[in-house]
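Undergrad: Got a structure for you, upload32.cif, holding mmCIF, C-alpha atoms.
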```cif
data_final
#
loop_
_atom_site.label_atom_id
_atom_site.label_comp_id
_atom_site.auth_asym_id
_atom_site.auth_seq_id
_atom_site.Cartn_x
_atom_site.Cartn_y
_atom_site.Cartn_z
CA MET L 519 155.51 105.30 21.02
CA SER L 520 151.93 104.25 21.59
CA GLN L 521 152.52 104.28 25.35
CA LEU L 522 153.76 107.85 25.12
CA ARG L 523 150.71 108.90 23.10
CA HIS L 524 148.44 107.39 25.78
CA ILE L 525 150.23 109.32 28.53
CA LEU L 526 149.85 112.65 26.77
CA PRO L 527 146.73 114.69 27.53
CA VAL L 528 146.05 115.19 23.80
CA PRO L 529 147.05 112.43 21.37
CA ASP L 530 148.22 114.66 18.50
CA LEU L 531 150.84 116.66 20.44
CA LEU L 532 153.60 114.70 18.72
CA VAL L 533 154.42 114.25 15.05
CA THR L 534 156.41 111.15 14.12
CA ASP L 535 157.72 109.27 11.15
CA ASN L 536 160.06 106.27 10.83
CA THR L 537 163.12 108.13 12.06
CA THR L 538 162.03 111.24 13.97
CA ILE L 539 159.74 112.45 16.70
CA GLY L 540 158.77 116.06 17.21
CA ARG L 541 156.12 118.38 18.50
CA ASN L 542 153.07 119.25 16.48
CA PRO L 543 153.60 123.02 15.91
CA ALA L 544 149.85 123.54 15.54
CA ARG L 545 149.29 122.17 19.06
CA VAL L 546 152.49 122.97 20.97
CA GLN L 547 154.29 126.30 20.88
CA ALA L 548 158.02 126.26 21.57
CA ASP L 549 159.76 129.23 23.17
CA THR L 550 162.63 128.82 20.72
CA THR L 551 160.27 129.18 17.75
CA LEU L 552 158.65 132.27 19.23
CA PHE L 553 162.07 133.77 20.03
CA ALA L 554 163.32 133.12 16.48
CA GLN L 555 160.19 134.59 14.87
CA GLN L 556 160.14 137.70 17.05
CA MET L 557 163.89 138.27 16.68
CA ALA L 558 163.69 137.98 12.88
CA LEU L 559 160.84 140.51 12.75
CA ALA L 560 162.61 142.84 15.16
CA LEU L 561 165.91 142.75 13.27
CA ARG L 562 164.11 143.51 10.00
CA SER L 563 162.32 146.44 11.61
CA GLU L 564 165.60 147.83 13.00
CA HIS L 565 163.77 149.15 16.07
CA ALA L 566 165.82 148.78 19.23
CA GLU L 567 162.72 148.47 21.41
CA GLU L 568 161.37 145.54 19.35
CA ILE L 569 164.75 143.81 19.56
CA SER L 570 164.75 144.30 23.34
CA ASP L 571 161.25 142.80 23.51
CA ALA L 572 162.43 139.77 21.51
CA LEU L 573 165.49 139.39 23.75
CA ARG L 574 163.23 139.15 26.79
CA LEU L 575 161.78 135.94 25.31
CA TYR L 576 165.15 134.19 25.65
CA ARG L 577 165.03 131.78 28.59
CA GLY L 578 168.65 130.75 28.84
CA PRO L 579 170.69 127.91 27.36
CA PHE L 580 168.77 125.42 25.25
CA LEU L 581 167.46 122.47 27.31
CA ASP L 582 169.57 123.64 30.23
CA GLY L 583 169.69 120.91 32.88
CA PHE L 584 168.10 118.27 30.63
CA SER L 585 170.04 115.18 29.58
CA LEU L 586 169.56 111.61 28.46
CA ARG L 587 171.80 108.73 29.40
CA ASP L 588 174.05 107.14 26.79
CA THR L 589 172.95 109.41 23.93
CA ILE L 590 176.06 110.89 22.35
CA GLU L 591 174.19 112.04 19.22
CA PHE L 592 171.55 113.77 21.32
CA ASP L 593 174.20 115.44 23.48
CA LEU L 594 176.03 116.70 20.38
CA TRP L 595 172.79 118.02 18.91
CA VAL L 596 171.86 119.80 22.18
CA GLU L 597 175.30 121.39 22.39
CA GLN L 598 175.05 122.64 18.80
CA GLU L 599 171.56 124.05 19.48
CA ARG L 600 172.84 125.78 22.63
CA GLN L 601 175.57 127.42 20.62
CA ASN L 602 173.15 128.47 17.85
CA TRP L 603 170.54 129.93 20.22
CA GLY L 604 173.21 131.61 22.31
CA GLN L 605 174.65 133.18 19.17
CA SER L 606 171.20 134.42 18.13
CA TYR L 607 170.77 136.00 21.54
CA SER L 608 174.23 137.58 21.36
CA ASP L 609 173.54 138.90 17.83
CA GLY L 610 170.30 140.45 19.06
CA HIS L 611 172.10 142.17 21.92
CA GLN L 612 174.73 143.49 19.56
CA ALA L 613 172.10 144.85 17.16
CA SER L 614 170.21 146.43 20.05
CA ARG L 615 173.35 148.14 21.37
CA TYR L 616 174.22 149.35 17.87
CA LEU L 617 170.74 150.84 17.39
CA TYR L 618 170.65 152.42 20.86
CA ASP L 619 174.15 153.89 20.33
CA GLY L 620 173.03 155.25 16.95
CA LEU L 621 169.90 156.73 18.49
CA HIS L 622 171.96 158.35 21.25
CA THR L 623 174.33 159.81 18.65
CA LEU L 624 171.38 161.16 16.63
CA GLN L 625 169.89 162.71 19.76
CA ARG L 626 173.17 164.45 20.59
CA ALA L 627 173.47 165.69 17.01
CA HIS L 628 169.89 166.97 17.12
CA GLU L 629 170.59 168.82 20.39
CA ARG L 630 173.64 170.48 18.82
CA VAL L 631 171.70 171.47 15.72
CA MET L 632 168.96 172.95 17.87
CA MET L 633 171.57 174.84 19.90
CA LEU L 634 173.07 176.23 16.68
CA TYR L 635 169.62 177.24 15.48
CA GLY L 636 169.15 178.99 18.81
CA LEU L 637 172.44 180.82 18.44
CA LEU L 638 171.63 181.78 14.86
CA ALA L 639 168.22 183.02 15.92
CA CYS L 640 169.82 185.09 18.68
CA CYS L 641 172.35 186.49 16.24
CA SER L 642 169.59 187.26 13.81
CA ILE L 643 167.58 189.05 16.50
CA ALA L 644 170.68 190.97 17.62
CA LEU L 645 171.41 192.04 14.04
CA ARG L 646 167.82 193.21 13.56
CA GLN L 647 168.12 195.24 16.75
CA GLN L 648 171.41 196.76 15.61
CA GLN L 649 170.27 197.68 12.07
CA PRO L 650 168.16 200.71 13.08
CA THR L 651 170.96 201.94 15.33
CA LEU L 652 173.54 201.56 12.56
CA ALA L 653 171.28 203.29 10.02
CA ALA L 654 170.74 206.22 12.38
CA LYS L 655 174.49 206.67 12.80
CA LEU L 656 175.03 206.86 9.06
#
```
Take the structure in the file and give it back as C-alpha coordinates.
TA:
Amino acid sequence: MSQLRHILPVPDLLVTDNTTIGRNPARVQADTTLFAQQMALALRSEHAEEISDALRLYRGPFLDGFSLRDTIEFDLWVEQERQNWGQSYSDGHQASRYLYDGLHTLQRAHERVMMLYGLLACCSIALRQQQPTLAAKL
(Lines of atoms letter the chains of each structure in order from A and count residues from 1; the text may use other names and numbers.)
(Lines give C-alpha, C1' and ligand atoms only; values in the text may rest on other atoms or scores of the structure.)
Protein backbone atom coordinates (compact mmCIF):
# COMPACT_ATOMS: atom_id res chain seq x y z
CA MET A 1 0.00 0.00 0.00
CA SER A 2 2.78 2.43 0.80
CA GLN A 3 4.34 1.76 -2.61
CA LEU A 4 1.05 2.63 -4.28
CA ARG A 5 0.77 5.86 -2.31
CA HIS A 6 4.29 6.84 -3.43
CA ILE A 7 3.40 6.22 -7.08
CA LEU A 8 0.31 8.41 -6.95
CA PRO A 9 0.75 12.10 -7.79
CA VAL A 10 -1.14 13.13 -4.64
CA PRO A 11 -0.85 10.92 -1.54
CA ASP A 12 -4.45 11.28 -0.31
CA LEU A 13 -6.20 10.04 -3.48
CA LEU A 14 -6.98 6.75 -1.75
CA VAL A 15 -8.87 6.00 1.44
CA THR A 16 -8.07 2.71 3.17
CA ASP A 17 -8.84 0.76 6.28
CA ASN A 18 -7.97 -2.80 7.36
CA THR A 19 -10.19 -4.45 4.75
CA THR A 20 -10.94 -1.97 1.98
CA ILE A 21 -9.35 0.47 -0.40
CA GLY A 22 -11.22 3.19 -2.23
CA ARG A 23 -10.96 6.60 -3.77
CA ASN A 24 -11.11 9.74 -1.71
CA PRO A 25 -14.36 11.34 -3.01
CA ALA A 26 -13.10 14.80 -2.06
CA ARG A 27 -10.09 14.35 -4.38
CA VAL A 28 -11.27 11.99 -7.12
CA GLN A 29 -14.58 12.25 -8.93
CA ALA A 30 -16.02 9.05 -10.36
CA ASP A 31 -18.21 9.09 -13.47
CA THR A 32 -20.52 6.57 -11.82
CA THR A 33 -21.11 8.90 -8.87
CA LEU A 34 -21.81 11.85 -11.15
CA PHE A 35 -24.15 9.72 -13.30
CA ALA A 36 -26.06 8.50 -10.22
CA GLN A 37 -26.40 12.01 -8.76
CA GLN A 38 -27.52 13.59 -12.02
CA MET A 39 -29.94 10.76 -12.81
CA ALA A 40 -31.52 10.96 -9.34
CA LEU A 41 -32.02 14.73 -9.71
CA ALA A 42 -33.36 14.36 -13.24
CA LEU A 43 -35.84 11.62 -12.31
CA ARG A 44 -37.13 13.71 -9.40
CA SER A 45 -37.57 16.70 -11.69
CA GLU A 46 -39.47 14.60 -14.27
CA HIS A 47 -38.01 16.70 -17.09
CA ALA A 48 -37.17 14.61 -20.13
CA GLU A 49 -34.35 16.95 -21.17
CA GLU A 50 -32.62 16.63 -17.78
CA ILE A 51 -32.90 12.84 -17.96
CA SER A 52 -31.38 12.91 -21.46
CA ASP A 53 -28.52 15.06 -20.14
CA ALA A 54 -27.91 12.55 -17.33
CA LEU A 55 -28.01 9.64 -19.80
CA ARG A 56 -25.22 11.27 -21.81
CA LEU A 57 -22.95 10.85 -18.77
CA TYR A 58 -23.16 7.06 -19.05
CA ARG A 59 -19.90 5.73 -20.50
CA GLY A 60 -20.79 2.10 -21.09
CA PRO A 61 -20.48 -1.06 -19.01
CA PHE A 62 -18.80 -0.66 -15.64
CA LEU A 63 -15.02 -1.23 -15.81
CA ASP A 64 -15.43 -2.54 -19.35
CA GLY A 65 -12.21 -4.23 -20.46
CA PHE A 66 -10.67 -4.19 -16.97
CA SER A 67 -9.89 -7.42 -15.13
CA LEU A 68 -7.66 -8.86 -12.47
CA ARG A 69 -6.20 -12.35 -12.51
CA ASP A 70 -7.45 -14.96 -10.06
CA THR A 71 -9.97 -12.68 -8.34
CA ILE A 72 -13.33 -14.42 -8.34
CA GLU A 73 -14.81 -12.07 -5.72
CA PHE A 74 -13.73 -9.03 -7.70
CA ASP A 75 -15.14 -10.48 -10.92
CA LEU A 76 -18.47 -11.19 -9.21
CA TRP A 77 -18.58 -7.68 -7.78
CA VAL A 78 -17.79 -6.11 -11.19
CA GLU A 79 -20.49 -8.18 -12.87
CA GLN A 80 -23.06 -7.11 -10.26
CA GLU A 81 -22.04 -3.45 -10.68
CA ARG A 82 -22.34 -3.77 -14.47
CA GLN A 83 -25.85 -5.09 -14.07
CA ASN A 84 -26.80 -2.35 -11.59
CA TRP A 85 -25.40 0.51 -13.69
CA GLY A 86 -26.87 -0.95 -16.86
CA GLN A 87 -30.26 -1.17 -15.17
CA SER A 88 -30.00 2.46 -14.03
CA TYR A 89 -29.23 3.49 -17.59
CA SER A 90 -32.13 1.43 -18.92
CA ASP A 91 -34.50 2.89 -16.29
CA GLY A 92 -33.43 6.39 -17.31
CA HIS A 93 -34.12 5.65 -20.96
CA GLN A 94 -37.52 4.25 -20.11
CA ALA A 95 -38.41 7.32 -18.03
CA SER A 96 -37.20 9.61 -20.81
CA ARG A 97 -39.30 7.81 -23.43
CA TYR A 98 -42.33 7.90 -21.13
CA LEU A 99 -41.95 11.65 -20.58
CA TYR A 100 -41.31 12.40 -24.27
CA ASP A 101 -44.33 10.26 -25.26
CA GLY A 102 -46.45 12.10 -22.68
CA LEU A 103 -45.23 15.46 -23.95
CA HIS A 104 -46.02 14.44 -27.54
CA THR A 105 -49.52 13.36 -26.48
CA LEU A 106 -50.06 16.66 -24.66
CA GLN A 107 -48.89 18.59 -27.72
CA ARG A 108 -51.33 16.71 -29.96
CA ALA A 109 -54.14 17.30 -27.47
CA HIS A 110 -53.27 21.00 -27.32
CA GLU A 111 -53.31 21.23 -31.13
CA ARG A 112 -56.77 19.63 -31.21
CA VAL A 113 -58.08 21.94 -28.52
CA MET A 114 -56.75 24.94 -30.42
CA MET A 115 -58.36 23.64 -33.61
CA LEU A 116 -61.69 23.29 -31.78
CA TYR A 117 -61.34 26.79 -30.40
CA GLY A 118 -60.71 27.96 -33.95
CA LEU A 119 -63.81 26.18 -35.21
CA LEU A 120 -65.89 27.56 -32.34
CA ALA A 121 -64.60 31.04 -33.03
CA CYS A 122 -65.49 30.66 -36.71
CA CYS A 123 -68.95 29.39 -35.79
CA SER A 124 -69.37 32.26 -33.40
CA ILE A 125 -68.34 34.77 -36.07
CA ALA A 126 -70.66 33.13 -38.59
CA LEU A 127 -73.57 33.26 -36.14
CA ARG A 128 -72.91 36.94 -35.42
CA GLN A 129 -72.93 37.61 -39.16
CA GLN A 130 -76.18 35.70 -39.60
CA GLN A 131 -78.06 37.34 -36.68
CA PRO A 132 -78.71 40.69 -38.42
CA THR A 133 -79.83 38.87 -41.55
CA LEU A 134 -82.19 36.63 -39.58
CA ALA A 135 -83.60 39.59 -37.63
CA ALA A 136 -84.27 41.48 -40.85
CA LYS A 137 -86.20 38.54 -42.27
CA LEU A 138 -88.47 38.37 -39.24
Undergrad: Once the PyMOL selection byres ((chain L and resi 520) around 12) has been applied to the shown file, what residues remain in the selection, as a list in words?
TA: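 On the file shown, the PyMOL selection byres ((chain L and resi 520) around 12) covers Met519, Gln521, Leu522, Arg523, His524, Ile525, Leu526, Pro529, Asp530, Leu532 and Thr534 of chain L.
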Undergrad: Go through the shown structure with the PyMOL selection byres ((chain L and resi 555) around 12) and write out the matching residues as a PyMOL selection string.
TA: chain L and resi 547-554+556-562+568-569+571-573+575-576+606
Undergrad: Take the residues from that selection and put them in a file with C-alpha atoms, as an mmCIF file, in the frame of the given file.
TA:
```cif
data_model
loop_
_atom_site.group_PDB
_atom_site.id
_atom_site.type_symbol
_atom_site.label_atom_id
_atom_site.label_comp_id
_atom_site.auth_asym_id
_atom_site.auth_seq_id
_atom_site.Cartn_x
_atom_site.Cartn_y
_atom_site.Cartn_z
ATOM 1 C CA GLN L 547 154.290 126.300 20.880
ATOM 2 C CA ALA L 548 158.020 126.260 21.570
ATOM 3 C CA ASP L 549 159.760 129.230 23.170
ATOM 4 C CA THR L 550 162.630 128.820 20.720
ATOM 5 C CA THR L 551 160.270 129.180 17.750
ATOM 6 C CA LEU L 552 158.650 132.270 19.230
ATOM 7 C CA PHE L 553 162.070 133.770 20.030
ATOM 8 C CA ALA L 554 163.320 133.120 16.480
ATOM 9 C CA GLN L 556 160.140 137.700 17.050
ATOM 10 C CA MET L 557 163.890 138.270 16.680
ATOM 11 C CA ALA L 558 163.690 137.980 12.880
ATOM 12 C CA LEU L 559 160.840 140.510 12.750
ATOM 13 C CA ALA L 560 162.610 142.840 15.160
ATOM 14 C CA LEU L 561 165.910 142.750 13.270
ATOM 15 C CA ARG L 562 164.110 143.510 10.000
ATOM 16 C CA GLU L 568 161.370 145.540 19.350
ATOM 17 C CA ILE L 569 164.750 143.810 19.560
ATOM 18 C CA ASP L 571 161.250 142.800 23.510
ATOM 19 C CA ALA L 572 162.430 139.770 21.510
ATOM 20 C CA LEU L 573 165.490 139.390 23.750
ATOM 21 C CA LEU L 575 161.780 135.940 25.310
ATOM 22 C CA TYR L 576 165.150 134.190 25.650
ATOM 23 C CA SER L 606 171.200 134.420 18.130
#
```
Undergrad: Quick one: what's the axis-aligned box for region 626-638 of chain L, all listed atoms, 5 Å on every side, centre and edges in Å to one decimal, as AutoDock Vina command-line options?
TA:
```
--center_x 171.3 --center_y 173.1 --center_z 17.7 --size_x 14.7 --size_y 27.3 --size_z 15.7
```
Undergrad: Skip Leu531 (chain L) itself and residues of its chain fewer than 4 positions away, then list as a ChimeraX atom specification all residues within 9 Å of it, counting only C-alpha atoms.
TA: /L:523,526-527,540-546
Undergrad: Measure the distance from CA of Glu599 (chain L) to CA of Phe580 (chain L) in Å and round it to one decimal.
TA: 6.6 Å
Undergrad: Mind pulling up the distance from CA of His611 (chain L) to CA of Arg574 (chain L)?
TA: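 Separating CA of Arg574 (chain L) from CA of His611 (chain L) is a distance of 10.6 Å.
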Undergrad: Go through the shown structure with the PyMOL selection byres ((chain L and resi 615-622) around 10) and write out the matching residues as a list in words.
TA: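 Checking the PyMOL selection byres ((chain L and resi 615-622) around 10) against this file, the residues are Glu564, His565, Ala566, Glu567, Ile569, Ser570, Asp609, Gly610, His611, Gln612, Ala613, Ser614, Thr623, Leu624, Gln625, Arg626, Ala627 and His628 of chain L.
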Undergrad: Which of these residues is nearest to Arg600 (chain L), using all atoms listed in the file: L:Ile539, L:Leu581, L:Met633, L:Leu638?
TA: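 Distance minimum relative to Arg600 (chain L) lands on L:Leu581.
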Undergrad: Rounded to one decimal, what separation in Å do you get between CA of Val528 (chain L) and CA of Val596 (chain L)?
TA: 26.3 Å
Undergrad: Using the partial input, fill out region 528-548 of chain L with N, CA and C atoms; write the result as a tab-separated table (two decimals), keeping the file's coordinate frame.
TA:
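Contents of result-v1.tsv, freshly written:
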```
chain	number	residue	atom	x	y	z
L	528	VAL	N	146.66	115.09	25.13
L	528	VAL	CA	146.05	115.19	23.80
L	528	VAL	C	146.88	114.33	22.86
L	529	PRO	N	146.28	113.39	22.15
L	529	PRO	CA	147.05	112.43	21.37
L	529	PRO	C	147.88	113.02	20.22
L	530	ASP	N	147.48	114.15	19.67
L	530	ASP	CA	148.22	114.66	18.50
L	530	ASP	C	149.24	115.74	18.85
L	531	LEU	N	149.80	115.71	20.06
L	531	LEU	CA	150.84	116.66	20.44
L	531	LEU	C	152.17	116.37	19.75
L	532	LEU	N	152.35	115.12	19.36
L	532	LEU	CA	153.60	114.70	18.72
L	532	LEU	C	153.36	114.36	17.26
L	533	VAL	N	154.41	114.63	16.46
L	533	VAL	CA	154.42	114.25	15.05
L	533	VAL	C	155.59	113.29	14.89
L	534	THR	N	155.34	112.14	14.27
L	534	THR	CA	156.41	111.15	14.12
L	534	THR	C	156.44	110.61	12.70
L	535	ASP	N	157.59	110.08	12.36
L	535	ASP	CA	157.72	109.27	11.15
L	535	ASP	C	158.66	108.12	11.51
L	536	ASN	N	159.22	107.45	10.54
L	536	ASN	CA	160.06	106.27	10.83
L	536	ASN	C	161.34	106.59	11.59
L	537	THR	N	161.82	107.82	11.46
L	537	THR	CA	163.12	108.13	12.06
L	537	THR	C	163.11	109.30	13.05
L	538	THR	N	162.03	110.05	13.11
L	538	THR	CA	162.03	111.24	13.97
L	538	THR	C	160.76	111.34	14.79
L	539	ILE	N	160.88	112.11	15.85
L	539	ILE	CA	159.74	112.45	16.70
L	539	ILE	C	159.85	113.94	16.98
L	540	GLY	N	158.75	114.63	16.95
L	540	GLY	CA	158.77	116.06	17.21
L	540	GLY	C	157.43	116.54	17.72
L	541	ARG	N	157.37	117.80	18.03
L	541	ARG	CA	156.12	118.38	18.50
L	541	ARG	C	155.27	118.80	17.30
L	542	ASN	N	153.99	118.78	17.49
L	542	ASN	CA	153.07	119.25	16.48
L	542	ASN	C	152.98	120.77	16.65
L	543	PRO	N	153.55	121.56	15.72
L	543	PRO	CA	153.60	123.02	15.91
L	543	PRO	C	152.21	123.66	15.97
L	544	ALA	N	151.21	123.00	15.45
L	544	ALA	CA	149.85	123.54	15.54
L	544	ALA	C	149.28	123.38	16.95
L	545	ARG	N	149.82	122.45	17.72
L	545	ARG	CA	149.29	122.17	19.06
L	545	ARG	C	150.23	122.60	20.19
L	546	VAL	N	151.52	122.67	19.93
L	546	VAL	CA	152.49	122.97	20.97
L	546	VAL	C	153.40	124.09	20.49
L	547	GLN	N	153.41	125.19	21.23
L	547	GLN	CA	154.29	126.30	20.88
L	547	GLN	C	155.60	126.15	21.65
L	548	ALA	N	156.70	126.35	20.94
L	548	ALA	CA	158.02	126.26	21.57
L	548	ALA	C	158.58	127.67	21.77
```
